[in-house]
Each structure stands twice: as C-alpha cells, then as structure tokens.
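Colleague: Just one file: work_25.txt, with compact mmCIF, N, CA and C atoms.
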```
# COMPACT_ATOMS: atom_id res chain seq x y z
N MET R 915 -17.40 24.50 -19.43
CA MET R 915 -17.05 23.10 -19.52
C MET R 915 -16.54 22.62 -18.16
N ALA R 916 -17.02 21.47 -17.71
CA ALA R 916 -16.63 20.93 -16.42
C ALA R 916 -15.19 20.41 -16.46
N ARG R 917 -14.49 20.67 -15.38
CA ARG R 917 -13.12 20.20 -15.24
C ARG R 917 -13.14 18.71 -14.91
N SER R 918 -12.28 17.94 -15.55
CA SER R 918 -12.26 16.52 -15.25
C SER R 918 -11.57 16.29 -13.91
N ARG R 919 -12.04 15.30 -13.19
CA ARG R 919 -11.47 14.98 -11.89
C ARG R 919 -10.16 14.23 -12.06
N THR R 920 -9.28 14.46 -11.11
CA THR R 920 -8.04 13.69 -11.07
C THR R 920 -8.03 12.89 -9.79
N PRO R 921 -7.22 11.84 -9.73
CA PRO R 921 -7.15 11.08 -8.48
C PRO R 921 -6.79 11.95 -7.28
N GLU R 922 -5.91 12.93 -7.50
CA GLU R 922 -5.48 13.80 -6.40
C GLU R 922 -6.63 14.61 -5.80
N ASP R 923 -7.68 14.81 -6.58
CA ASP R 923 -8.85 15.54 -6.06
C ASP R 923 -9.53 14.80 -4.91
N LEU R 924 -9.32 13.49 -4.82
CA LEU R 924 -9.98 12.67 -3.79
C LEU R 924 -9.09 12.40 -2.59
N LEU R 925 -7.84 12.86 -2.63
CA LEU R 925 -6.90 12.56 -1.55
C LEU R 925 -7.04 13.58 -0.43
N PRO R 926 -6.80 13.19 0.80
CA PRO R 926 -6.44 11.85 1.23
C PRO R 926 -7.68 10.96 1.31
N LEU R 927 -7.48 9.67 1.07
CA LEU R 927 -8.56 8.70 1.20
C LEU R 927 -8.70 8.33 2.67
N THR R 928 -9.90 7.96 3.06
CA THR R 928 -10.07 7.43 4.42
C THR R 928 -9.44 6.04 4.46
N PRO R 929 -9.02 5.58 5.64
CA PRO R 929 -8.44 4.23 5.71
C PRO R 929 -9.37 3.14 5.16
N PRO R 930 -10.68 3.14 5.46
CA PRO R 930 -11.51 2.09 4.87
C PRO R 930 -11.52 2.13 3.34
N VAL R 931 -11.63 3.30 2.74
CA VAL R 931 -11.66 3.39 1.27
C VAL R 931 -10.33 2.94 0.69
N PHE R 932 -9.22 3.37 1.28
CA PHE R 932 -7.91 2.95 0.81
C PHE R 932 -7.78 1.44 0.85
N HIS R 933 -8.16 0.82 1.96
CA HIS R 933 -7.99 -0.62 2.10
C HIS R 933 -8.98 -1.41 1.24
N ILE R 934 -10.15 -0.87 1.00
CA ILE R 934 -11.09 -1.53 0.08
C ILE R 934 -10.51 -1.52 -1.33
N LEU R 935 -9.97 -0.38 -1.75
CA LEU R 935 -9.33 -0.32 -3.08
C LEU R 935 -8.14 -1.26 -3.16
N LEU R 936 -7.35 -1.34 -2.10
CA LEU R 936 -6.24 -2.29 -2.08
C LEU R 936 -6.75 -3.72 -2.25
N ALA R 937 -7.80 -4.06 -1.54
CA ALA R 937 -8.36 -5.41 -1.62
C ALA R 937 -8.85 -5.73 -3.03
N LEU R 938 -9.41 -4.73 -3.70
CA LEU R 938 -9.93 -4.95 -5.05
C LEU R 938 -8.85 -4.86 -6.12
N SER R 939 -7.66 -4.39 -5.76
CA SER R 939 -6.59 -4.27 -6.76
C SER R 939 -6.11 -5.64 -7.24
N ASP R 940 -6.37 -6.69 -6.47
CA ASP R 940 -6.01 -8.06 -6.86
C ASP R 940 -7.04 -8.71 -7.76
N GLY R 941 -8.26 -8.17 -7.76
CA GLY R 941 -9.34 -8.77 -8.54
C GLY R 941 -10.68 -8.56 -7.86
N GLU R 942 -11.70 -9.04 -8.51
CA GLU R 942 -13.08 -8.85 -8.03
C GLU R 942 -13.30 -9.59 -6.72
N ARG R 943 -14.16 -9.01 -5.89
CA ARG R 943 -14.53 -9.64 -4.62
C ARG R 943 -15.95 -9.23 -4.26
N HIS R 944 -16.60 -10.07 -3.48
CA HIS R 944 -17.89 -9.70 -2.91
C HIS R 944 -17.64 -9.09 -1.54
N GLY R 945 -18.68 -8.51 -0.95
CA GLY R 945 -18.53 -7.74 0.28
C GLY R 945 -17.83 -8.46 1.40
N TYR R 946 -18.25 -9.68 1.71
CA TYR R 946 -17.64 -10.41 2.82
C TYR R 946 -16.17 -10.71 2.54
N ALA R 947 -15.84 -11.01 1.30
CA ALA R 947 -14.44 -11.28 0.93
C ALA R 947 -13.61 -10.00 1.06
N ILE R 948 -14.20 -8.85 0.76
CA ILE R 948 -13.49 -7.58 0.95
C ILE R 948 -13.22 -7.37 2.43
N MET R 949 -14.21 -7.61 3.28
CA MET R 949 -14.05 -7.46 4.72
C MET R 949 -12.92 -8.34 5.24
N ARG R 950 -12.88 -9.58 4.80
CA ARG R 950 -11.83 -10.52 5.24
C ARG R 950 -10.46 -10.08 4.74
N GLN R 951 -10.38 -9.61 3.48
CA GLN R 951 -9.09 -9.20 2.93
C GLN R 951 -8.54 -7.97 3.65
N VAL R 952 -9.41 -7.01 3.95
CA VAL R 952 -8.98 -5.81 4.68
C VAL R 952 -8.46 -6.21 6.06
N ALA R 953 -9.16 -7.08 6.74
CA ALA R 953 -8.70 -7.54 8.06
C ALA R 953 -7.35 -8.24 7.94
N ALA R 954 -7.18 -9.08 6.92
CA ALA R 954 -5.90 -9.78 6.73
C ALA R 954 -4.78 -8.80 6.40
N ASP R 955 -5.06 -7.84 5.51
CA ASP R 955 -4.04 -6.87 5.10
C ASP R 955 -3.58 -5.99 6.25
N THR R 956 -4.43 -5.78 7.24
CA THR R 956 -4.11 -4.88 8.35
C THR R 956 -3.82 -5.65 9.64
N ASP R 957 -3.62 -6.96 9.53
CA ASP R 957 -3.40 -7.81 10.71
C ASP R 957 -4.49 -7.60 11.75
N GLY R 958 -5.71 -7.40 11.28
CA GLY R 958 -6.87 -7.26 12.17
C GLY R 958 -7.04 -5.88 12.78
N ARG R 959 -6.16 -4.93 12.46
CA ARG R 959 -6.28 -3.59 13.04
C ARG R 959 -7.43 -2.79 12.45
N LEU R 960 -7.87 -3.16 11.25
CA LEU R 960 -9.03 -2.49 10.65
C LEU R 960 -10.06 -3.57 10.34
N GLN R 961 -11.14 -3.54 11.09
CA GLN R 961 -12.25 -4.47 10.92
C GLN R 961 -13.43 -3.67 10.39
N LEU R 962 -13.83 -3.95 9.16
CA LEU R 962 -14.96 -3.23 8.57
C LEU R 962 -16.26 -3.93 8.92
N GLY R 963 -17.15 -3.21 9.55
CA GLY R 963 -18.48 -3.75 9.77
C GLY R 963 -19.31 -3.55 8.52
N PRO R 964 -20.47 -4.21 8.43
CA PRO R 964 -21.30 -4.09 7.24
C PRO R 964 -21.72 -2.66 6.93
N GLY R 965 -22.04 -1.87 7.95
CA GLY R 965 -22.46 -0.48 7.70
C GLY R 965 -21.35 0.34 7.08
N THR R 966 -20.15 0.22 7.63
CA THR R 966 -19.01 0.94 7.08
C THR R 966 -18.70 0.46 5.67
N LEU R 967 -18.63 -0.85 5.49
CA LEU R 967 -18.28 -1.41 4.18
C LEU R 967 -19.27 -0.97 3.11
N TYR R 968 -20.55 -1.19 3.35
CA TYR R 968 -21.53 -0.91 2.30
C TYR R 968 -21.75 0.59 2.10
N GLY R 969 -21.56 1.39 3.15
CA GLY R 969 -21.59 2.84 2.98
C GLY R 969 -20.45 3.31 2.10
N CYS R 970 -19.26 2.77 2.36
CA CYS R 970 -18.09 3.11 1.52
C CYS R 970 -18.30 2.65 0.09
N LEU R 971 -18.77 1.42 -0.09
CA LEU R 971 -18.98 0.90 -1.45
C LEU R 971 -19.96 1.77 -2.22
N LYS R 972 -21.00 2.23 -1.56
CA LYS R 972 -21.99 3.09 -2.23
C LYS R 972 -21.34 4.39 -2.69
N ARG R 973 -20.55 5.01 -1.81
CA ARG R 973 -19.86 6.26 -2.19
C ARG R 973 -18.80 6.02 -3.26
N MET R 974 -18.12 4.90 -3.17
CA MET R 974 -17.08 4.57 -4.15
C MET R 974 -17.69 4.29 -5.52
N LEU R 975 -18.86 3.67 -5.56
CA LEU R 975 -19.57 3.47 -6.83
C LEU R 975 -19.93 4.82 -7.44
N ALA R 976 -20.45 5.72 -6.61
CA ALA R 976 -20.85 7.05 -7.10
C ALA R 976 -19.64 7.84 -7.61
N ALA R 977 -18.48 7.64 -6.98
CA ALA R 977 -17.27 8.36 -7.38
C ALA R 977 -16.55 7.67 -8.54
N LYS R 978 -17.10 6.54 -8.99
CA LYS R 978 -16.52 5.78 -10.11
C LYS R 978 -15.15 5.19 -9.78
N LEU R 979 -14.90 4.93 -8.49
CA LEU R 979 -13.67 4.26 -8.09
C LEU R 979 -13.78 2.76 -8.29
N ILE R 980 -15.01 2.26 -8.17
CA ILE R 980 -15.30 0.84 -8.35
C ILE R 980 -16.56 0.71 -9.18
N GLU R 981 -16.82 -0.51 -9.63
CA GLU R 981 -18.07 -0.80 -10.33
C GLU R 981 -18.51 -2.21 -9.96
N GLU R 982 -19.80 -2.45 -10.12
CA GLU R 982 -20.30 -3.80 -9.90
C GLU R 982 -19.95 -4.65 -11.10
N SER R 983 -19.67 -5.90 -10.83
CA SER R 983 -19.32 -6.83 -11.89
C SER R 983 -20.52 -7.67 -12.23
N ASP R 984 -20.75 -7.87 -13.52
CA ASP R 984 -21.82 -8.77 -13.96
C ASP R 984 -21.36 -10.21 -14.02
N GLU R 985 -20.05 -10.41 -14.05
CA GLU R 985 -19.51 -11.77 -14.12
C GLU R 985 -19.70 -12.46 -12.79
N ARG R 986 -20.06 -13.72 -12.84
CA ARG R 986 -20.30 -14.49 -11.63
C ARG R 986 -19.46 -15.76 -11.67
N PRO R 987 -18.98 -16.19 -10.52
CA PRO R 987 -18.32 -17.49 -10.51
C PRO R 987 -19.34 -18.59 -10.76
N ASP R 988 -18.91 -19.77 -10.78
CA ASP R 988 -19.79 -20.93 -10.99
C ASP R 988 -20.96 -20.85 -10.01
N PRO R 989 -22.21 -20.84 -10.53
CA PRO R 989 -23.38 -20.73 -9.64
C PRO R 989 -23.44 -21.83 -8.59
N GLU R 990 -22.85 -22.96 -8.86
CA GLU R 990 -22.83 -24.05 -7.88
C GLU R 990 -21.98 -23.68 -6.66
N LEU R 991 -21.03 -22.78 -6.85
CA LEU R 991 -20.10 -22.42 -5.78
C LEU R 991 -20.41 -21.06 -5.16
N ASP R 992 -21.44 -20.39 -5.64
CA ASP R 992 -21.68 -19.02 -5.23
C ASP R 992 -23.14 -18.80 -4.86
N ASP R 993 -23.36 -17.82 -3.99
CA ASP R 993 -24.70 -17.39 -3.62
C ASP R 993 -25.12 -16.31 -4.61
N GLU R 994 -26.25 -16.50 -5.27
CA GLU R 994 -26.68 -15.56 -6.32
C GLU R 994 -26.99 -14.16 -5.78
N ARG R 995 -27.17 -14.02 -4.47
CA ARG R 995 -27.47 -12.70 -3.90
C ARG R 995 -26.22 -11.83 -3.76
N ARG R 996 -25.06 -12.44 -3.83
CA ARG R 996 -23.82 -11.67 -3.66
C ARG R 996 -23.60 -10.71 -4.80
N ARG R 997 -23.13 -9.53 -4.44
CA ARG R 997 -22.71 -8.55 -5.45
C ARG R 997 -21.20 -8.53 -5.46
N TYR R 998 -20.65 -8.54 -6.66
CA TYR R 998 -19.20 -8.50 -6.82
C TYR R 998 -18.79 -7.11 -7.29
N TYR R 999 -17.63 -6.67 -6.82
CA TYR R 999 -17.12 -5.34 -7.14
C TYR R 999 -15.73 -5.47 -7.73
N ARG R 1000 -15.41 -4.53 -8.61
CA ARG R 1000 -14.05 -4.46 -9.17
C ARG R 1000 -13.62 -3.00 -9.22
N ILE R 1001 -12.32 -2.81 -9.17
CA ILE R 1001 -11.74 -1.48 -9.21
C ILE R 1001 -11.78 -0.97 -10.65
N THR R 1002 -12.04 0.31 -10.83
CA THR R 1002 -12.02 0.92 -12.16
C THR R 1002 -10.61 1.44 -12.43
N ASN R 1003 -10.37 1.88 -13.65
CA ASN R 1003 -9.09 2.49 -13.98
C ASN R 1003 -8.86 3.73 -13.12
N PHE R 1004 -9.91 4.53 -12.94
CA PHE R 1004 -9.80 5.72 -12.09
C PHE R 1004 -9.51 5.32 -10.65
N GLY R 1005 -10.14 4.26 -10.17
CA GLY R 1005 -9.89 3.78 -8.82
C GLY R 1005 -8.45 3.31 -8.65
N GLU R 1006 -7.94 2.64 -9.67
CA GLU R 1006 -6.55 2.17 -9.62
C GLU R 1006 -5.58 3.35 -9.57
N ARG R 1007 -5.83 4.35 -10.39
CA ARG R 1007 -4.97 5.54 -10.38
C ARG R 1007 -5.05 6.27 -9.03
N THR R 1008 -6.25 6.27 -8.45
CA THR R 1008 -6.45 6.93 -7.16
C THR R 1008 -5.73 6.20 -6.03
N VAL R 1009 -5.83 4.87 -5.99
CA VAL R 1009 -5.17 4.13 -4.92
C VAL R 1009 -3.65 4.22 -5.06
N ARG R 1010 -3.16 4.28 -6.29
CA ARG R 1010 -1.71 4.46 -6.49
C ARG R 1010 -1.27 5.84 -5.99
N ALA R 1011 -2.06 6.86 -6.29
CA ALA R 1011 -1.72 8.22 -5.83
C ALA R 1011 -1.72 8.28 -4.30
N GLU R 1012 -2.68 7.62 -3.67
CA GLU R 1012 -2.73 7.61 -2.21
C GLU R 1012 -1.55 6.83 -1.64
N ALA R 1013 -1.19 5.71 -2.25
CA ALA R 1013 -0.03 4.93 -1.79
C ALA R 1013 1.24 5.77 -1.88
N GLN R 1014 1.38 6.53 -2.95
CA GLN R 1014 2.55 7.40 -3.09
C GLN R 1014 2.55 8.50 -2.04
N ARG R 1015 1.37 9.05 -1.75
CA ARG R 1015 1.26 10.08 -0.73
C ARG R 1015 1.65 9.51 0.63
N LEU R 1016 1.17 8.32 0.93
CA LEU R 1016 1.50 7.68 2.21
C LEU R 1016 2.99 7.33 2.29
N ALA R 1017 3.57 6.87 1.18
CA ALA R 1017 5.00 6.55 1.15
C ALA R 1017 5.84 7.79 1.44
N ALA R 1018 5.43 8.94 0.91
CA ALA R 1018 6.15 10.19 1.18
C ALA R 1018 6.06 10.54 2.67
N SER R 1019 4.92 10.29 3.28
CA SER R 1019 4.77 10.55 4.71
C SER R 1019 5.66 9.62 5.53
N VAL R 1020 5.72 8.36 5.14
CA VAL R 1020 6.58 7.40 5.83
C VAL R 1020 8.04 7.81 5.68
N SER R 1021 8.43 8.25 4.50
CA SER R 1021 9.81 8.72 4.29
C SER R 1021 10.14 9.89 5.21
N ALA R 1022 9.21 10.83 5.34
CA ALA R 1022 9.42 11.97 6.23
C ALA R 1022 9.54 11.51 7.68
N ALA R 1023 8.73 10.55 8.09
CA ALA R 1023 8.80 10.03 9.46
C ALA R 1023 10.13 9.31 9.70
N ARG R 1024 10.58 8.56 8.71
CA ARG R 1024 11.89 7.88 8.84
C ARG R 1024 13.03 8.90 8.91
N ALA R 1025 12.94 9.95 8.12
CA ALA R 1025 13.99 10.98 8.13
C ALA R 1025 14.09 11.63 9.51
N ARG R 1026 13.02 11.65 10.24
CA ARG R 1026 13.01 12.23 11.59
C ARG R 1026 13.19 11.15 12.66
N ARG R 1027 13.57 9.97 12.20
CA ARG R 1027 13.84 8.82 13.08
C ARG R 1027 12.64 8.44 13.95
N LEU R 1028 11.44 8.64 13.40
CA LEU R 1028 10.23 8.20 14.11
C LEU R 1028 9.92 6.75 13.80
N LEU R 1029 10.45 6.25 12.70
CA LEU R 1029 10.29 4.86 12.31
C LEU R 1029 11.68 4.29 12.02
N VAL R 1030 11.82 3.01 12.26
CA VAL R 1030 13.07 2.34 11.88
C VAL R 1030 12.80 1.44 10.70
N ARG R 1031 13.79 1.25 9.85
CA ARG R 1031 13.60 0.44 8.65
C ARG R 1031 13.41 -1.03 8.97
N ASN R 1032 14.11 -1.56 9.96
CA ASN R 1032 14.04 -2.99 10.27
C ASN R 1032 13.71 -3.15 11.75
N PRO R 1033 12.43 -3.12 12.11
CA PRO R 1033 12.06 -3.13 13.53
C PRO R 1033 12.57 -4.36 14.27
N GLY R 1034 12.71 -5.48 13.61
CA GLY R 1034 13.16 -6.70 14.29
C GLY R 1034 14.66 -6.77 14.46
N GLY R 1035 15.41 -5.91 13.77
CA GLY R 1035 16.86 -6.00 13.77
C GLY R 1035 17.54 -5.05 14.72
N GLN R 1036 16.83 -4.50 15.70
CA GLN R 1036 17.45 -3.53 16.62
C GLN R 1036 18.26 -4.22 17.67
```
Please render this file's structure as structure tokens.
Modeller:
Amino acid sequence: MARSRTPEDLLPLTPPVFHILLALSDGERHGYAIMRQVAADTDGRLQLGPGTLYGCLKRMLAAKLIEESDERPDPELDDERRRYYRITNFGERTVRAEAQRLAASVSAARARRLLVRNPGGQ
C-alpha cells in the first residue's frame, strides 16, 4: 500500500512555489495576477517570468498543490483564454508548514542577533 504524502514531504519549497501558494491563499487568480501579487508581496525582489511561473504551475498542478478553476468572472470583464488557479487543501497545509519552517529559521537568526525585531527603531 502506498504511503500518503504529507506537506512536510515537499519541504523546503522553492521561493517561487512558496510565493505562488501565498498569492493563491487569498483566492483564485490567473497567471498575470499571480505574477503581480508575488512582485507586490516581495517588494519587487521576486519577479516571476512566464517560463518560471508556468513551469511552477505545471509542477504544482501535478503535485495537487493547486487546481484549475472552472469558475469564471463576468465574461464582459475577463479574457476567455485566461486560466484561473486556486490552492487545494493539501496546498494550504503545505504553505502553512513552509511558513512555520521559515518562522523557526527567523527565530534562530534573531536568537543569534542576525536580525533585529524593529529595523526602523534602532
């Protein structure tokens, strides 16, 4: 009998996959909207090009982290060629596990005084 996968089996996530899951945690988005959200979330430090984005989306679909959505916004306001994606329950559990893993790393860095809690208040 095959062992079921756990979110921890996929950790650590690559930065693009982590940020795509973060972008989808608010709700469904199409590719360009995901690219814009990732750029906004990272203050422009992570810019996903189409090759990176769609390569990640393909792998994330295969891993069942996300799924395509059949629901469409008002056709008058949307391009019918756009594909919309949403995070799955497994994807949500995985992004939470990665966020917790990253938080533990940040705590360790703070304990060693590599990061300060309030950078503007020094």
Colleague: Quick one: pull the distance between atom CA of R:Leu927 and atom CA of R:Ile1001, Å, one decimal.
Modeller: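 Atom CA of R:Ile1001 lies at a distance of 14.9 Å from atom CA of R:Leu927.
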Colleague: Just list as a ChimeraX atom specification whatever in stretch 942-987 of chain R DSSP marks as strand (DSSP E or B).
Modeller: /R:943-944,980-983
Colleague: Taking the DSSP secondary structure from the backbone, can you list the residues of stretch 929-1029 of chain R that are helix (DSSP H, G or I), as a PyMOL selection string?
Modeller: chain R and resi 929-938+945-955+964-976+989-991+1003-1025
Colleague: Mind giving me the straight-line distance from atom N of R:Asp955 to atom CA of R:Arg919 in Å, one decimal?
Modeller: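 Between atom N of R:Asp955 and atom CA of R:Arg919 the gap works out to 29.4 Å.
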Colleague: For R:Glu1006, list every protein, DNA or RNA residue within 10 Å, evaluated using only C-alpha atoms, and leave out those in the same chain fewer than 6 positions away; present the list as an NGL selection string.
Modeller: :R and (921 or 935-936 or 938-939 or 979-980 or 1012)
Colleague: Restricting it to N, CA and C atoms, dump the selection as an mmCIF file, in the frame of the given file.
Modeller:
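Writing the result to again37.cif gives the following:
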```
data_model
loop_
_atom_site.group_PDB
_atom_site.id
_atom_site.type_symbol
_atom_site.label_atom_id
_atom_site.label_comp_id
_atom_site.auth_asym_id
_atom_site.auth_seq_id
_atom_site.Cartn_x
_atom_site.Cartn_y
_atom_site.Cartn_z
ATOM 1 N N PRO R 921 -7.220 11.840 -9.730
ATOM 2 C CA PRO R 921 -7.150 11.080 -8.480
ATOM 3 C C PRO R 921 -6.790 11.950 -7.280
ATOM 4 N N LEU R 935 -9.970 -0.380 -1.750
ATOM 5 C CA LEU R 935 -9.330 -0.320 -3.080
ATOM 6 C C LEU R 935 -8.140 -1.260 -3.160
ATOM 7 N N LEU R 936 -7.350 -1.340 -2.100
ATOM 8 C CA LEU R 936 -6.240 -2.290 -2.080
ATOM 9 C C LEU R 936 -6.750 -3.720 -2.250
ATOM 10 N N LEU R 938 -9.410 -4.730 -3.700
ATOM 11 C CA LEU R 938 -9.930 -4.950 -5.050
ATOM 12 C C LEU R 938 -8.850 -4.860 -6.120
ATOM 13 N N SER R 939 -7.660 -4.390 -5.760
ATOM 14 C CA SER R 939 -6.590 -4.270 -6.760
ATOM 15 C C SER R 939 -6.110 -5.640 -7.240
ATOM 16 N N LEU R 979 -14.900 4.930 -8.490
ATOM 17 C CA LEU R 979 -13.670 4.260 -8.090
ATOM 18 C C LEU R 979 -13.780 2.760 -8.290
ATOM 19 N N ILE R 980 -15.010 2.260 -8.170
ATOM 20 C CA ILE R 980 -15.300 0.840 -8.350
ATOM 21 C C ILE R 980 -16.560 0.710 -9.180
ATOM 22 N N GLU R 1012 -2.680 7.620 -3.670
ATOM 23 C CA GLU R 1012 -2.730 7.610 -2.210
ATOM 24 C C GLU R 1012 -1.550 6.830 -1.640
#
```
Colleague: Out of R:Phe1004, R:Leu1028, R:Ala1018, R:Arg959, which residue has the shortest atom-to-atom distance to R:Ser918 when counting only C-alpha atoms?
Modeller: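 Result for the nearest residue to R:Ser918: R:Phe1004.
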Colleague: Given all atoms listed in the file as the basis, pick out the residue of R:Glu982, R:Gln1014, R:Arg1024, R:Ala953 nearest to R:Tyr999.
Modeller: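 With all atoms listed in the file as the atom set, the closest residue is R:Glu982.
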Colleague: Listed atoms of stretch 940-958 of chain R, axis-aligned box, 3 Å per side: centre and edge lengths to one decimal in Å, as lines of an AutoDock Vina configuration file?
Modeller:
```
center_x = -11.0
center_y = -8.1
center_z = 2.1
size_x = 21.3
size_y = 12.4
size_z = 27.3
```
Colleague: What separation in Å, quoted to one decimal, exists between atom CA of R:Pro964 and atom CA of R:Ala1013?
Modeller: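 Atom-to-atom, atom CA of R:Pro964 to atom CA of R:Ala1013, that is 24.8 Å.
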